[in-house]
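Chemist: Just passing along the structure, written as structure tokens.
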Amino acid sequence: DREHPELNVKFLNYGKSSETVTGLTEKDHPGPRPYLFERLDKFLDETPIEVAIFCYGINDGIYGKPSEELFNSFKIGVYSFLEKMRQRNIGTLLLTPPPLALNTVPLKKADSQTPYGYKNPYPKYDKEVLQEFKRIILEMQHPFAKAEIDIYTPLFENQKDCYDNDPIHPNQKGH
């Protein structure tokens, strides 16, 4: 909004660190992960918005192995969000999750007893979990999903420029 004031657009960032739409938390996470649906109705009741931007997934798989239960939980979370938007007539832009950029920012090798989590992701998390979440987003058929946007691919292809300190959060250029 600062770069193009003539557009009269106001961006509100109500994203919350480590939040999920699956309601899952890995064993080694410091406390339960925030769950979007515990706060979404209150936020929407208090804040009129015209367009929502949805970008979940990197934390939703809790950095573990793929499973049908996990993928169904994510589909239900995305669909539930879109239904909340339908109830309020808010169009939504669905963004794929970003990649887990371990090629650029590798994590310390954990011992074999450490459970999978954000400090010790399943080695194929990006390929087997995030790729499926990406597919779910890009193939979502819902009237309030006004666009499905692949942010994964350009971030993955440019991860050396888009990540600095950790493999989960893109840097300023990545954003």
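Ordered as shown in the structure tokens, chains take letters A, B, and onward, while each chain numbers its residues from 1 and ligands are numbered from 1 in the order shown.
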Can you list every residue of region 4-35 of chain A that has an atom at most 10 Å from region 76-99 of chain A, with its nearest atom pair and the distance in Å to one decimal, using only C-alpha atoms, ordered by chain then number, as a tab-separated table?
Modeler:
```
residue	atom	partner	partner_atom	distance
A:Thr20	CA	A:Gly77	CA	8.5
A:Val21	CA	A:Gly77	CA	4.8
A:Thr22	CA	A:Gly77	CA	5.7
A:Gly23	CA	A:Gly77	CA	8.6
```
Chemist: Go ahead and dump the residues you just picked, C-alpha atoms, as an mmCIF file, in the first residue's frame.
Modeler:
```
data_model
loop_
_atom_site.group_PDB
_atom_site.id
_atom_site.type_symbol
_atom_site.label_atom_id
_atom_site.label_comp_id
_atom_site.auth_asym_id
_atom_site.auth_seq_id
_atom_site.Cartn_x
_atom_site.Cartn_y
_atom_site.Cartn_z
ATOM 1 C CA THR A 20 -1.743 -24.521 11.427
ATOM 2 C CA VAL A 21 -5.100 -25.341 9.857
ATOM 3 C CA THR A 22 -4.704 -29.020 10.801
ATOM 4 C CA GLY A 23 -4.576 -28.462 14.560
#
```
Chemist: Identify all residues of region 83-152 of chain A in alpha helix (DSSP H) (DSSP on the backbone) and supply them as a ChimeraX atom specification.
Modeler: /A:83-88,131-138,152
Chemist: Any chance you can output those residues with C-alpha atoms as a CSV table (one decimal), in the first residue's frame?
Modeler:
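Contents of result.csv, as written:
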```csv
chain,number,residue,atom,x,y,z
A,83,GLU,CA,-16.3,-22.0,3.9
A,84,LYS,CA,-15.7,-19.3,6.5
A,85,MET,CA,-15.0,-17.0,3.6
A,86,ARG,CA,-18.1,-18.1,1.8
A,87,GLN,CA,-20.2,-17.2,4.9
A,88,ARG,CA,-18.9,-13.7,4.8
A,131,GLN,CA,4.4,-31.3,-2.7
A,132,GLU,CA,1.1,-33.0,-1.8
A,133,PHE,CA,0.0,-29.9,0.1
A,134,LYS,CA,1.0,-27.8,-3.0
A,135,ARG,CA,-1.1,-30.1,-5.2
A,136,ILE,CA,-4.1,-29.8,-2.9
A,137,ILE,CA,-3.9,-26.0,-3.1
A,138,LEU,CA,-3.4,-25.8,-6.8
A,152,TYR,CA,6.6,-22.9,-3.9
```
Chemist: What's the separation between CA of Lys119 (chain A) and CA of Ile62 (chain A), in Å to one decimal place?
Modeler: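 Going from CA of Lys119 (chain A) over to CA of Ile62 (chain A) covers 10.4 Å.
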Chemist: Can I get the residues of region 46-154 of chain A within 8 Å of region 164-173 of chain A, each with the closest pair of atoms and their distance in Å to one decimal, using only C-alpha atoms, sorted chain first then ascending number, as CSV?
Modeler:
```
residue,atom,partner,partner_atom,distance
A:Ile58,CA,A:Ile168,CA,7.4
A:Pro98,CA,A:Ile168,CA,7.8
A:Pro99,CA,A:Ile168,CA,7.3
A:Leu100,CA,A:Pro167,CA,5.4
A:Ala101,CA,A:Pro167,CA,4.4
A:Leu102,CA,A:Pro167,CA,5.5
A:Thr104,CA,A:Pro167,CA,7.2
A:Val105,CA,A:Pro167,CA,5.2
A:Pro106,CA,A:Pro167,CA,7.0
A:Leu107,CA,A:Pro167,CA,7.9
```
Chemist: Go ahead and save the picked residues with C-alpha atoms, as a compact mmCIF listing (two decimals), in the first residue's frame.
Modeler:
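Here's the written file result.txt:
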```
# COMPACT_ATOMS: atom_id res chain seq x y z
CA ILE A 58 4.75 -25.61 5.92
CA PRO A 98 6.79 -22.40 0.60
CA PRO A 99 9.48 -25.08 0.32
CA LEU A 100 11.58 -26.42 3.15
CA ALA A 101 14.86 -24.97 1.88
CA LEU A 102 17.28 -27.53 3.34
CA THR A 104 20.39 -23.74 1.17
CA VAL A 105 20.07 -23.75 4.95
CA PRO A 106 20.74 -27.27 6.21
CA LEU A 107 19.86 -28.11 9.79
```
Chemist: From a DSSP pass on the backbone, collect the residues of chain A flagged as strand (DSSP E) and hand them back as a ChimeraX atom specification.
Modeler: /A:51-55,91-95,145-149
Chemist: Pick out the closest residue to Leu12 (chain A) from this set: A:Cys55, A:Ile49, A:Glu148, A:Asp126. Count only C-alpha atoms.
Modeler: A:Ile49
Chemist: Of the candidates A:Tyr35, A:Thr25, A:Ile53, A:Lys65, which one gets nearest to Lys127 (chain A) if we count only C-alpha atoms?
Modeler: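 For Lys127 (chain A), the nearest of the given residues is A:Lys65.
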Chemist: For a test of reading the model, state the distance in Å between CA of Pro123 (chain A) and CA of Asn103 (chain A), rounded to one decimal.
Modeler: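 Going from CA of Pro123 (chain A) over to CA of Asn103 (chain A) covers 11.4 Å.
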Chemist: Counting only C-alpha atoms, what is within 12 Å of Asn13 (chain A), bar same-chain residues fewer than 3 positions away, as a PyMOL selection string?
Modeler: chain A and resi 10+16-17+43+47+49+52-55
Chemist: For the residues in the current selection, export C-alpha atoms as a tab-separated table (two decimals), in the first residue's frame.
Modeler:
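Listed below is the output, selection_14.tsv:
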```
chain	number	residue	atom	x	y	z
A	10	LYS	CA	-4.62	-1.71	2.93
A	16	LYS	CA	0.55	-16.08	13.44
A	17	SER	CA	3.91	-17.82	13.75
A	43	PHE	CA	-11.04	-11.84	13.84
A	47	THR	CA	-12.25	-6.84	11.00
A	49	ILE	CA	-11.96	-7.52	4.79
A	52	ALA	CA	-8.14	-13.00	2.15
A	53	ILE	CA	-4.74	-14.44	1.33
A	54	PHE	CA	-4.29	-18.00	2.58
A	55	CYS	CA	-0.75	-19.40	3.00
```
Chemist: Enter the distance from CA of Gly64 (chain A) to CA of Asp28 (chain A), in Å, rounded to one decimal.
Modeler: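 Interatomic distance, CA of Gly64 (chain A) to CA of Asp28 (chain A): 11.6 Å.
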